[in-house]
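Please read the structure below before turning to the comments.
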Amino acid sequence: MPRIKPRLMSIACAATCVFLMADFLAAPLRADEVKAGDLVITQAWSRATPGGAKVGGGYLTIENKGSAPDRLIGGSADIAGKVEVHEMAMNNGVMTMRPLDNGITIEPGKTAKLAPGGYHLMMFDLKSPLKQGDKLPVTLEFEKAGKVTISLDVQGVGAQAPAGGDNKDGKMPSGTKM
């Protein structure tokens, strides 16, 4: 009997170590995921801006895991005078950009992707340039989920996707409107 107890303790200790290690290794994967009600926000990023630039863009993915639609209606950031939800689209051979006064609806079970060339956040009146490697706090406002603060990872000037993203060929991401 005395030998069984140390074995059980050593098995329990090993199991605890495995769970702690798994949690530690999984933490970076969850770090970029932000939840707001039934919404899950991932892949939040921006591009660096040249000195003197007064506008910047923000990109992210919003998944609605709930049973009711929600709507991204706006945002704010300390570094910008104003943050709006915008859409770029091709109209009669001309690229246009316009604010979406009603925001973007995220239907239940669907995903909205804000990416270059389509839906995006437009940050106006930047107080300083966005620098590669920075983390830019932005507060998003949703119709139902309310306000949630995320962090945009600032990538290089010409980036087409977040670091480690799946858009290495430089083409427009799927789900964007062109």
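If you're wondering about the labels, chains in the structure tokens are A, B, ... by order shown, residues count from 1 in each chain, ligands from 1 in order shown.
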Neighbour list for Leu130 (chain A) as a PyMOL selection string, cut-off 9 Å, only C-alpha atoms, skip fewer than 2 positions in-chain: chain A and resi 46-51+53+56+79+126+128+132+134+136+154
9 Å contact set for His120 (chain A), only C-alpha atoms, chain neighbours under 2 positions out, as a VMD selection string: chain A and resid 57 to 60 84 to 88 113 to 118 122
Long-range neighbours of Gly37 (chain A) as a list of chain:residue names, 9 Å cut-off, only C-alpha atoms, 4 positions minimum in chain: A:Gly66, A:Lys144, A:Ala145, A:Gly146
Using DSSP on the backbone, list every residue of region 46-169 of chain A that comes out as strand (DSSP E or B), and give them as an mmCIF file with N, CA and C atoms, in the first residue's frame.
data_model
loop_
_atom_site.group_PDB
_atom_site.id
_atom_site.type_symbol
_atom_site.label_atom_id
_atom_site.label_comp_id
_atom_site.auth_asym_id
_atom_site.auth_seq_id
_atom_site.Cartn_x
_atom_site.Cartn_y
_atom_site.Cartn_z
ATOM 1 N N SER A 46 -3.808 46.672 -38.117
ATOM 2 C CA SER A 46 -3.786 47.921 -38.864
ATOM 3 C C SER A 46 -2.479 47.975 -39.640
ATOM 4 N N ARG A 47 -2.351 48.968 -40.483
ATOM 5 C CA ARG A 47 -1.101 49.195 -41.212
ATOM 6 C C ARG A 47 -0.393 50.419 -40.634
ATOM 7 N N VAL A 55 -4.952 59.805 -41.599
ATOM 8 C CA VAL A 55 -5.944 58.719 -41.599
ATOM 9 C C VAL A 55 -5.241 57.372 -41.542
ATOM 10 N N GLY A 56 -5.942 56.387 -40.996
ATOM 11 C CA GLY A 56 -5.448 55.018 -40.937
ATOM 12 C C GLY A 56 -6.627 54.066 -40.984
ATOM 13 N N GLY A 57 -6.353 52.817 -41.293
ATOM 14 C CA GLY A 57 -7.406 51.813 -41.392
ATOM 15 C C GLY A 57 -7.255 50.750 -40.318
ATOM 16 N N GLY A 58 -8.362 50.122 -39.984
ATOM 17 C CA GLY A 58 -8.365 49.018 -39.027
ATOM 18 C C GLY A 58 -9.125 47.849 -39.615
ATOM 19 N N TYR A 59 -8.627 46.633 -39.366
ATOM 20 C CA TYR A 59 -9.194 45.429 -39.959
ATOM 21 C C TYR A 59 -9.347 44.366 -38.879
ATOM 22 N N LEU A 60 -10.374 43.544 -39.006
ATOM 23 C CA LEU A 60 -10.626 42.502 -38.015
ATOM 24 C C LEU A 60 -11.691 41.548 -38.523
ATOM 25 N N THR A 61 -11.893 40.479 -37.791
ATOM 26 C CA THR A 61 -12.915 39.493 -38.111
ATOM 27 C C THR A 61 -13.860 39.398 -36.918
ATOM 28 N N ILE A 62 -15.170 39.411 -37.207
ATOM 29 C CA ILE A 62 -16.187 39.334 -36.154
ATOM 30 C C ILE A 62 -17.086 38.142 -36.455
ATOM 31 N N GLU A 63 -17.136 37.202 -35.537
ATOM 32 C CA GLU A 63 -17.997 36.026 -35.682
ATOM 33 C C GLU A 63 -19.140 36.129 -34.685
ATOM 34 N N ASN A 64 -20.364 35.901 -35.157
ATOM 35 C CA ASN A 64 -21.540 35.933 -34.289
ATOM 36 C C ASN A 64 -21.914 34.505 -33.931
ATOM 37 N N ASP A 70 -26.308 41.174 -34.652
ATOM 38 C CA ASP A 70 -25.793 42.359 -33.964
ATOM 39 C C ASP A 70 -25.193 43.245 -35.043
ATOM 40 N N ARG A 71 -24.856 44.459 -34.687
ATOM 41 C CA ARG A 71 -24.370 45.415 -35.678
ATOM 42 C C ARG A 71 -23.202 46.204 -35.107
ATOM 43 N N LEU A 72 -22.105 46.259 -35.872
ATOM 44 C CA LEU A 72 -20.982 47.141 -35.549
ATOM 45 C C LEU A 72 -21.381 48.528 -36.039
ATOM 46 N N ILE A 73 -21.538 49.478 -35.115
ATOM 47 C CA ILE A 73 -22.035 50.803 -35.504
ATOM 48 C C ILE A 73 -20.986 51.909 -35.435
ATOM 49 N N GLY A 74 -19.838 51.646 -34.823
ATOM 50 C CA GLY A 74 -18.815 52.683 -34.766
ATOM 51 C C GLY A 74 -17.692 52.318 -33.835
ATOM 52 N N GLY A 75 -16.902 53.311 -33.502
ATOM 53 C CA GLY A 75 -15.784 53.075 -32.614
ATOM 54 C C GLY A 75 -15.133 54.372 -32.196
ATOM 55 N N SER A 76 -14.088 54.240 -31.398
ATOM 56 C CA SER A 76 -13.308 55.392 -30.952
ATOM 57 C C SER A 76 -11.903 54.913 -30.597
ATOM 58 N N LYS A 82 -11.698 60.590 -34.754
ATOM 59 C CA LYS A 82 -12.952 59.934 -35.090
ATOM 60 C C LYS A 82 -12.660 58.569 -35.698
ATOM 61 N N VAL A 83 -13.517 57.576 -35.403
ATOM 62 C CA VAL A 83 -13.421 56.241 -36.007
ATOM 63 C C VAL A 83 -14.786 55.902 -36.593
ATOM 64 N N GLU A 84 -14.802 55.578 -37.889
ATOM 65 C CA GLU A 84 -16.040 55.233 -38.576
ATOM 66 C C GLU A 84 -15.916 53.867 -39.239
ATOM 67 N N VAL A 85 -17.073 53.245 -39.499
ATOM 68 C CA VAL A 85 -17.130 51.999 -40.263
ATOM 69 C C VAL A 85 -17.304 52.407 -41.723
ATOM 70 N N HIS A 86 -16.421 51.908 -42.601
ATOM 71 C CA HIS A 86 -16.425 52.280 -44.015
ATOM 72 C C HIS A 86 -16.496 51.044 -44.906
ATOM 73 N N GLU A 87 -16.786 51.312 -46.185
ATOM 74 C CA GLU A 87 -16.781 50.273 -47.215
ATOM 75 C C GLU A 87 -16.081 50.825 -48.450
ATOM 76 N N MET A 88 -15.175 50.017 -49.012
ATOM 77 C CA MET A 88 -14.602 50.322 -50.327
ATOM 78 C C MET A 88 -15.294 49.399 -51.319
ATOM 79 N N ALA A 89 -15.617 49.942 -52.495
ATOM 80 C CA ALA A 89 -16.262 49.136 -53.525
ATOM 81 C C ALA A 89 -15.929 49.704 -54.892
ATOM 82 N N MET A 90 -16.018 48.857 -55.905
ATOM 83 C CA MET A 90 -15.797 49.273 -57.278
ATOM 84 C C MET A 90 -17.157 49.609 -57.881
ATOM 85 N N ASN A 91 -17.329 50.863 -58.332
ATOM 86 C CA ASN A 91 -18.576 51.307 -58.955
ATOM 87 C C ASN A 91 -18.265 51.897 -60.320
ATOM 88 N N VAL A 94 -14.706 52.646 -60.960
ATOM 89 C CA VAL A 94 -14.076 53.614 -60.056
ATOM 90 C C VAL A 94 -14.145 53.076 -58.628
ATOM 91 N N MET A 95 -13.005 53.083 -57.959
ATOM 92 C CA MET A 95 -12.968 52.642 -56.559
ATOM 93 C C MET A 95 -13.550 53.752 -55.698
ATOM 94 N N THR A 96 -14.542 53.398 -54.888
ATOM 95 C CA THR A 96 -15.167 54.388 -54.009
ATOM 96 C C THR A 96 -15.047 53.933 -52.564
ATOM 97 N N MET A 97 -15.079 54.900 -51.672
ATOM 98 C CA MET A 97 -15.090 54.600 -50.249
ATOM 99 C C MET A 97 -16.158 55.474 -49.617
ATOM 100 N N ARG A 98 -16.948 54.855 -48.735
ATOM 101 C CA ARG A 98 -18.013 55.621 -48.097
ATOM 102 C C ARG A 98 -18.238 55.104 -46.680
ATOM 103 N N PRO A 99 -18.684 56.004 -45.794
ATOM 104 C CA PRO A 99 -19.034 55.548 -44.441
ATOM 105 C C PRO A 99 -20.340 54.753 -44.500
ATOM 106 N N ILE A 104 -22.305 47.626 -39.901
ATOM 107 C CA ILE A 104 -22.254 46.308 -40.532
ATOM 108 C C ILE A 104 -23.018 45.333 -39.656
ATOM 109 N N THR A 105 -23.980 44.635 -40.246
ATOM 110 C CA THR A 105 -24.747 43.630 -39.514
ATOM 111 C C THR A 105 -24.005 42.305 -39.561
ATOM 112 N N ILE A 106 -23.908 41.655 -38.402
ATOM 113 C CA ILE A 106 -23.316 40.322 -38.308
ATOM 114 C C ILE A 106 -24.454 39.381 -37.940
ATOM 115 N N THR A 111 -19.889 35.334 -40.181
ATOM 116 C CA THR A 111 -18.669 36.068 -39.874
ATOM 117 C C THR A 111 -18.554 37.268 -40.801
ATOM 118 N N ALA A 112 -18.225 38.408 -40.241
ATOM 119 C CA ALA A 112 -17.943 39.618 -41.023
ATOM 120 C C ALA A 112 -16.442 39.850 -40.985
ATOM 121 N N LYS A 113 -15.863 40.038 -42.154
ATOM 122 C CA LYS A 113 -14.420 40.260 -42.238
ATOM 123 C C LYS A 113 -14.172 41.680 -42.717
ATOM 124 N N LEU A 114 -13.509 42.457 -41.892
ATOM 125 C CA LEU A 114 -13.091 43.804 -42.266
ATOM 126 C C LEU A 114 -11.655 43.680 -42.742
ATOM 127 N N TYR A 119 -14.903 46.182 -46.329
ATOM 128 C CA TYR A 119 -15.288 46.828 -45.072
ATOM 129 C C TYR A 119 -14.041 47.072 -44.238
ATOM 130 N N HIS A 120 -14.016 48.180 -43.506
ATOM 131 C CA HIS A 120 -12.872 48.485 -42.642
ATOM 132 C C HIS A 120 -13.251 49.596 -41.668
ATOM 133 N N LEU A 121 -12.411 49.767 -40.658
ATOM 134 C CA LEU A 121 -12.528 50.917 -39.763
ATOM 135 C C LEU A 121 -11.686 52.031 -40.353
ATOM 136 N N MET A 122 -12.200 53.238 -40.377
ATOM 137 C CA MET A 122 -11.446 54.389 -40.857
ATOM 138 C C MET A 122 -11.192 55.297 -39.674
ATOM 139 N N MET A 123 -9.910 55.535 -39.373
ATOM 140 C CA MET A 123 -9.512 56.397 -38.266
ATOM 141 C C MET A 123 -9.063 57.739 -38.833
ATOM 142 N N PHE A 124 -9.752 58.812 -38.428
ATOM 143 C CA PHE A 124 -9.483 60.152 -38.926
ATOM 144 C C PHE A 124 -8.755 60.985 -37.886
ATOM 145 N N LYS A 135 0.787 48.278 -30.583
ATOM 146 C CA LYS A 135 -0.546 47.741 -30.311
ATOM 147 C C LYS A 135 -1.437 48.949 -30.072
ATOM 148 N N LEU A 136 -2.458 49.080 -30.905
ATOM 149 C CA LEU A 136 -3.297 50.264 -30.899
ATOM 150 C C LEU A 136 -4.659 49.942 -30.285
ATOM 151 N N PRO A 137 -4.962 50.480 -29.083
ATOM 152 C CA PRO A 137 -6.264 50.217 -28.480
ATOM 153 C C PRO A 137 -7.375 50.980 -29.207
ATOM 154 N N VAL A 138 -8.434 50.260 -29.555
ATOM 155 C CA VAL A 138 -9.601 50.824 -30.221
ATOM 156 C C VAL A 138 -10.836 50.271 -29.521
ATOM 157 N N THR A 139 -11.808 51.133 -29.269
ATOM 158 C CA THR A 139 -13.069 50.691 -28.679
ATOM 159 C C THR A 139 -14.111 50.592 -29.779
ATOM 160 N N LEU A 140 -14.651 49.399 -29.961
ATOM 161 C CA LEU A 140 -15.709 49.167 -30.942
ATOM 162 C C LEU A 140 -17.050 49.326 -30.244
ATOM 163 N N GLU A 141 -18.050 49.790 -30.994
ATOM 164 C CA GLU A 141 -19.383 49.910 -30.426
ATOM 165 C C GLU A 141 -20.355 49.066 -31.258
ATOM 166 N N PHE A 142 -21.031 48.155 -30.552
ATOM 167 C CA PHE A 142 -22.019 47.284 -31.171
ATOM 168 C C PHE A 142 -23.407 47.656 -30.683
ATOM 169 N N GLY A 146 -22.704 46.227 -27.066
ATOM 170 C CA GLY A 146 -22.161 47.409 -26.406
ATOM 171 C C GLY A 146 -20.739 47.724 -26.843
ATOM 172 N N LYS A 147 -19.991 48.343 -25.941
ATOM 173 C CA LYS A 147 -18.626 48.757 -26.241
ATOM 174 C C LYS A 147 -17.632 47.696 -25.777
ATOM 175 N N VAL A 148 -16.619 47.471 -26.602
ATOM 176 C CA VAL A 148 -15.551 46.524 -26.269
ATOM 177 C C VAL A 148 -14.239 47.072 -26.811
ATOM 178 N N THR A 149 -13.189 46.991 -25.991
ATOM 179 C CA THR A 149 -11.877 47.472 -26.420
ATOM 180 C C THR A 149 -11.060 46.312 -26.956
ATOM 181 N N ILE A 150 -10.479 46.535 -28.123
ATOM 182 C CA ILE A 150 -9.605 45.556 -28.755
ATOM 183 C C ILE A 150 -8.252 46.218 -28.968
ATOM 184 N N SER A 151 -7.290 45.458 -29.418
ATOM 185 C CA SER A 151 -5.972 45.985 -29.715
ATOM 186 C C SER A 151 -5.622 45.630 -31.153
ATOM 187 N N LEU A 152 -5.382 46.653 -31.975
ATOM 188 C CA LEU A 152 -4.958 46.425 -33.356
ATOM 189 C C LEU A 152 -3.443 46.256 -33.375
ATOM 190 N N ASP A 153 -2.965 45.162 -33.952
ATOM 191 C CA ASP A 153 -1.529 44.942 -34.124
ATOM 192 C C ASP A 153 -1.102 45.681 -35.382
ATOM 193 N N VAL A 154 -0.228 46.668 -35.242
ATOM 194 C CA VAL A 154 0.184 47.480 -36.389
ATOM 195 C C VAL A 154 1.258 46.725 -37.177
ATOM 196 N N GLN A 155 0.921 46.441 -38.449
ATOM 197 C CA GLN A 155 1.806 45.736 -39.377
ATOM 198 C C GLN A 155 2.538 46.756 -40.250
#
Atomic separation - CA of Gly103 (chain A) relative to CA of Asp38 (chain A), Å: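 Straight-line distance from CA of Asp38 (chain A) to CA of Gly103 (chain A) works out to 17.5 Å.
Distance-wise, CA of Glu107 (chain A) and CA of Ala68 (chain A) end up 6.9 Å apart.
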Exercise: Lys65 (chain A) partners within 8 Å, only C-alpha atoms, chain neighbours under 4 positions left out, as a ChimeraX atom specification: /A:38-40,108-110
Selection from above, all heavy atoms, as a PDB file, in the first residue's frame, can you write it?
ATOM      1  N   ASP A  38     -22.235  37.703 -27.688  1.00  0.00           N
ATOM      2  CA  ASP A  38     -22.141  36.514 -28.535  1.00  0.00           C
ATOM      3  C   ASP A  38     -21.133  36.670 -29.663  1.00  0.00           C
ATOM      4  O   ASP A  38     -20.995  35.785 -30.504  1.00  0.00           O
ATOM      5  CB  ASP A  38     -23.517  36.189 -29.140  1.00  0.00           C
ATOM      6  CG  ASP A  38     -24.509  35.706 -28.097  1.00  0.00           C
ATOM      7  OD1 ASP A  38     -24.077  35.048 -27.128  1.00  0.00           O
ATOM      8  OD2 ASP A  38     -25.718  35.986 -28.254  1.00  0.00           O
ATOM      9  N   LEU A  39     -20.446  37.797 -29.701  1.00  0.00           N
ATOM     10  CA  LEU A  39     -19.497  38.061 -30.770  1.00  0.00           C
ATOM     11  C   LEU A  39     -18.084  37.684 -30.353  1.00  0.00           C
ATOM     12  O   LEU A  39     -17.688  37.882 -29.207  1.00  0.00           O
ATOM     13  CB  LEU A  39     -19.527  39.542 -31.150  1.00  0.00           C
ATOM     14  CG  LEU A  39     -20.889  40.107 -31.558  1.00  0.00           C
ATOM     15  CD1 LEU A  39     -20.780  41.600 -31.804  1.00  0.00           C
ATOM     16  CD2 LEU A  39     -21.427  39.384 -32.778  1.00  0.00           C
ATOM     17  N   VAL A  40     -17.318  37.141 -31.311  1.00  0.00           N
ATOM     18  CA  VAL A  40     -15.910  36.819 -31.095  1.00  0.00           C
ATOM     19  C   VAL A  40     -15.109  37.601 -32.136  1.00  0.00           C
ATOM     20  O   VAL A  40     -15.325  37.452 -33.341  1.00  0.00           O
ATOM     21  CB  VAL A  40     -15.636  35.300 -31.222  1.00  0.00           C
ATOM     22  CG1 VAL A  40     -14.154  35.015 -31.040  1.00  0.00           C
ATOM     23  CG2 VAL A  40     -16.472  34.521 -30.216  1.00  0.00           C
ATOM     24  N   PRO A 108     -26.533  35.856 -37.151  1.00  0.00           N
ATOM     25  CA  PRO A 108     -26.211  34.696 -36.303  1.00  0.00           C
ATOM     26  C   PRO A 108     -25.531  33.600 -37.126  1.00  0.00           C
ATOM     27  O   PRO A 108     -25.956  33.313 -38.245  1.00  0.00           O
ATOM     28  CB  PRO A 108     -27.569  34.218 -35.792  1.00  0.00           C
ATOM     29  CG  PRO A 108     -28.538  35.296 -36.099  1.00  0.00           C
ATOM     30  CD  PRO A 108     -27.954  36.159 -37.168  1.00  0.00           C
ATOM     31  N   GLY A 109     -24.469  33.054 -36.578  1.00  0.00           N
ATOM     32  CA  GLY A 109     -23.746  31.974 -37.246  1.00  0.00           C
ATOM     33  C   GLY A 109     -22.883  32.437 -38.408  1.00  0.00           C
ATOM     34  O   GLY A 109     -22.277  31.621 -39.089  1.00  0.00           O
ATOM     35  N   LYS A 110     -22.784  33.724 -38.632  1.00  0.00           N
ATOM     36  CA  LYS A 110     -22.006  34.268 -39.756  1.00  0.00           C
ATOM     37  C   LYS A 110     -20.789  35.028 -39.249  1.00  0.00           C
ATOM     38  O   LYS A 110     -20.678  35.341 -38.071  1.00  0.00           O
ATOM     39  CB  LYS A 110     -22.864  35.216 -40.606  1.00  0.00           C
ATOM     40  CG  LYS A 110     -24.099  34.587 -41.190  1.00  0.00           C
ATOM     41  CD  LYS A 110     -23.753  33.662 -42.310  1.00  0.00           C
ATOM     42  CE  LYS A 110     -25.035  33.081 -42.903  1.00  0.00           C
ATOM     43  NZ  LYS A 110     -24.784  32.193 -43.982  1.00  0.00           N
TER      44      LYS A 110
END
Computed interatomic separation between CA of Lys54 (chain A) and CA of Asn102 (chain A) (Å):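 Value for the CA of Lys54 (chain A)-CA of Asn102 (chain A) distance: 24.1 Å.
In this comparison, which uses only C-alpha atoms, the residue of A:Gly52, A:Asp32, A:Pro69, A:Gln160 approaching Glu143 (chain A) most closely is A:Pro69.
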Those of region 17-146 of chain A in DSSP helix (DSSP H, G or I), formatted as a PyMOL selection string: chain A and resi 17-31
Include N, CA and C atoms and write out the residues we just selected as a PDB file, in the first residue's frame.
ATOM      1  N   CYS A  17       0.649  19.116 -14.141  1.00  0.00           N
ATOM      2  CA  CYS A  17       1.679  19.772 -14.953  1.00  0.00           C
ATOM      3  C   CYS A  17       1.268  19.813 -16.425  1.00  0.00           C
ATOM      4  N   VAL A  18       0.699  18.720 -16.926  1.00  0.00           N
ATOM      5  CA  VAL A  18       0.261  18.671 -18.319  1.00  0.00           C
ATOM      6  C   VAL A  18      -0.819  19.721 -18.563  1.00  0.00           C
ATOM      7  N   PHE A  19      -1.816  19.810 -17.662  1.00  0.00           N
ATOM      8  CA  PHE A  19      -2.884  20.792 -17.829  1.00  0.00           C
ATOM      9  C   PHE A  19      -2.349  22.220 -17.750  1.00  0.00           C
ATOM     10  N   LEU A  20      -1.450  22.477 -16.826  1.00  0.00           N
ATOM     11  CA  LEU A  20      -0.880  23.812 -16.707  1.00  0.00           C
ATOM     12  C   LEU A  20      -0.062  24.173 -17.945  1.00  0.00           C
ATOM     13  N   MET A  21       0.707  23.221 -18.447  1.00  0.00           N
ATOM     14  CA  MET A  21       1.515  23.454 -19.640  1.00  0.00           C
ATOM     15  C   MET A  21       0.618  23.699 -20.854  1.00  0.00           C
ATOM     16  N   ALA A  22      -0.449  22.921 -20.981  1.00  0.00           N
ATOM     17  CA  ALA A  22      -1.386  23.108 -22.100  1.00  0.00           C
ATOM     18  C   ALA A  22      -2.024  24.487 -22.016  1.00  0.00           C
ATOM     19  N   ASP A  23      -2.397  24.906 -20.824  1.00  0.00           N
ATOM     20  CA  ASP A  23      -2.995  26.222 -20.645  1.00  0.00           C
ATOM     21  C   ASP A  23      -1.987  27.317 -20.992  1.00  0.00           C
ATOM     22  N   PHE A  24      -0.747  27.140 -20.570  1.00  0.00           N
ATOM     23  CA  PHE A  24       0.303  28.112 -20.854  1.00  0.00           C
ATOM     24  C   PHE A  24       0.554  28.224 -22.360  1.00  0.00           C
ATOM     25  N   LEU A  25       0.623  27.093 -23.056  1.00  0.00           N
ATOM     26  CA  LEU A  25       0.880  27.105 -24.484  1.00  0.00           C
ATOM     27  C   LEU A  25      -0.313  27.633 -25.273  1.00  0.00           C
ATOM     28  N   ALA A  26      -1.519  27.407 -24.783  1.00  0.00           N
ATOM     29  CA  ALA A  26      -2.717  27.871 -25.492  1.00  0.00           C
ATOM     30  C   ALA A  26      -2.974  29.354 -25.263  1.00  0.00           C
ATOM     31  N   ALA A  27      -2.426  29.938 -24.233  1.00  0.00           N
ATOM     32  CA  ALA A  27      -2.693  31.338 -23.909  1.00  0.00           C
ATOM     33  C   ALA A  27      -2.404  32.282 -25.066  1.00  0.00           C
ATOM     34  N   PRO A  28      -1.268  32.148 -25.786  1.00  0.00           N
ATOM     35  CA  PRO A  28      -1.042  33.059 -26.892  1.00  0.00           C
ATOM     36  C   PRO A  28      -2.098  32.933 -27.994  1.00  0.00           C
ATOM     37  N   LEU A  29      -2.664  31.763 -28.177  1.00  0.00           N
ATOM     38  CA  LEU A  29      -3.687  31.590 -29.183  1.00  0.00           C
ATOM     39  C   LEU A  29      -4.951  32.343 -28.809  1.00  0.00           C
ATOM     40  N   ARG A  30      -5.257  32.434 -27.528  1.00  0.00           N
ATOM     41  CA  ARG A  30      -6.454  33.128 -27.068  1.00  0.00           C
ATOM     42  C   ARG A  30      -6.222  34.621 -26.911  1.00  0.00           C
ATOM     43  N   ALA A  31      -4.978  35.055 -26.892  1.00  0.00           N
ATOM     44  CA  ALA A  31      -4.672  36.455 -26.618  1.00  0.00           C
ATOM     45  C   ALA A  31      -5.288  37.391 -27.657  1.00  0.00           C
TER      46      ALA A  31
END
Which of A:Gly81, A:Gly133, A:Lys35, A:Asp101 sits closest to Pro162 (chain A) [using only C-alpha atoms]: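 That would be A:Gly133, the residue with the smallest distance to Pro162 (chain A).
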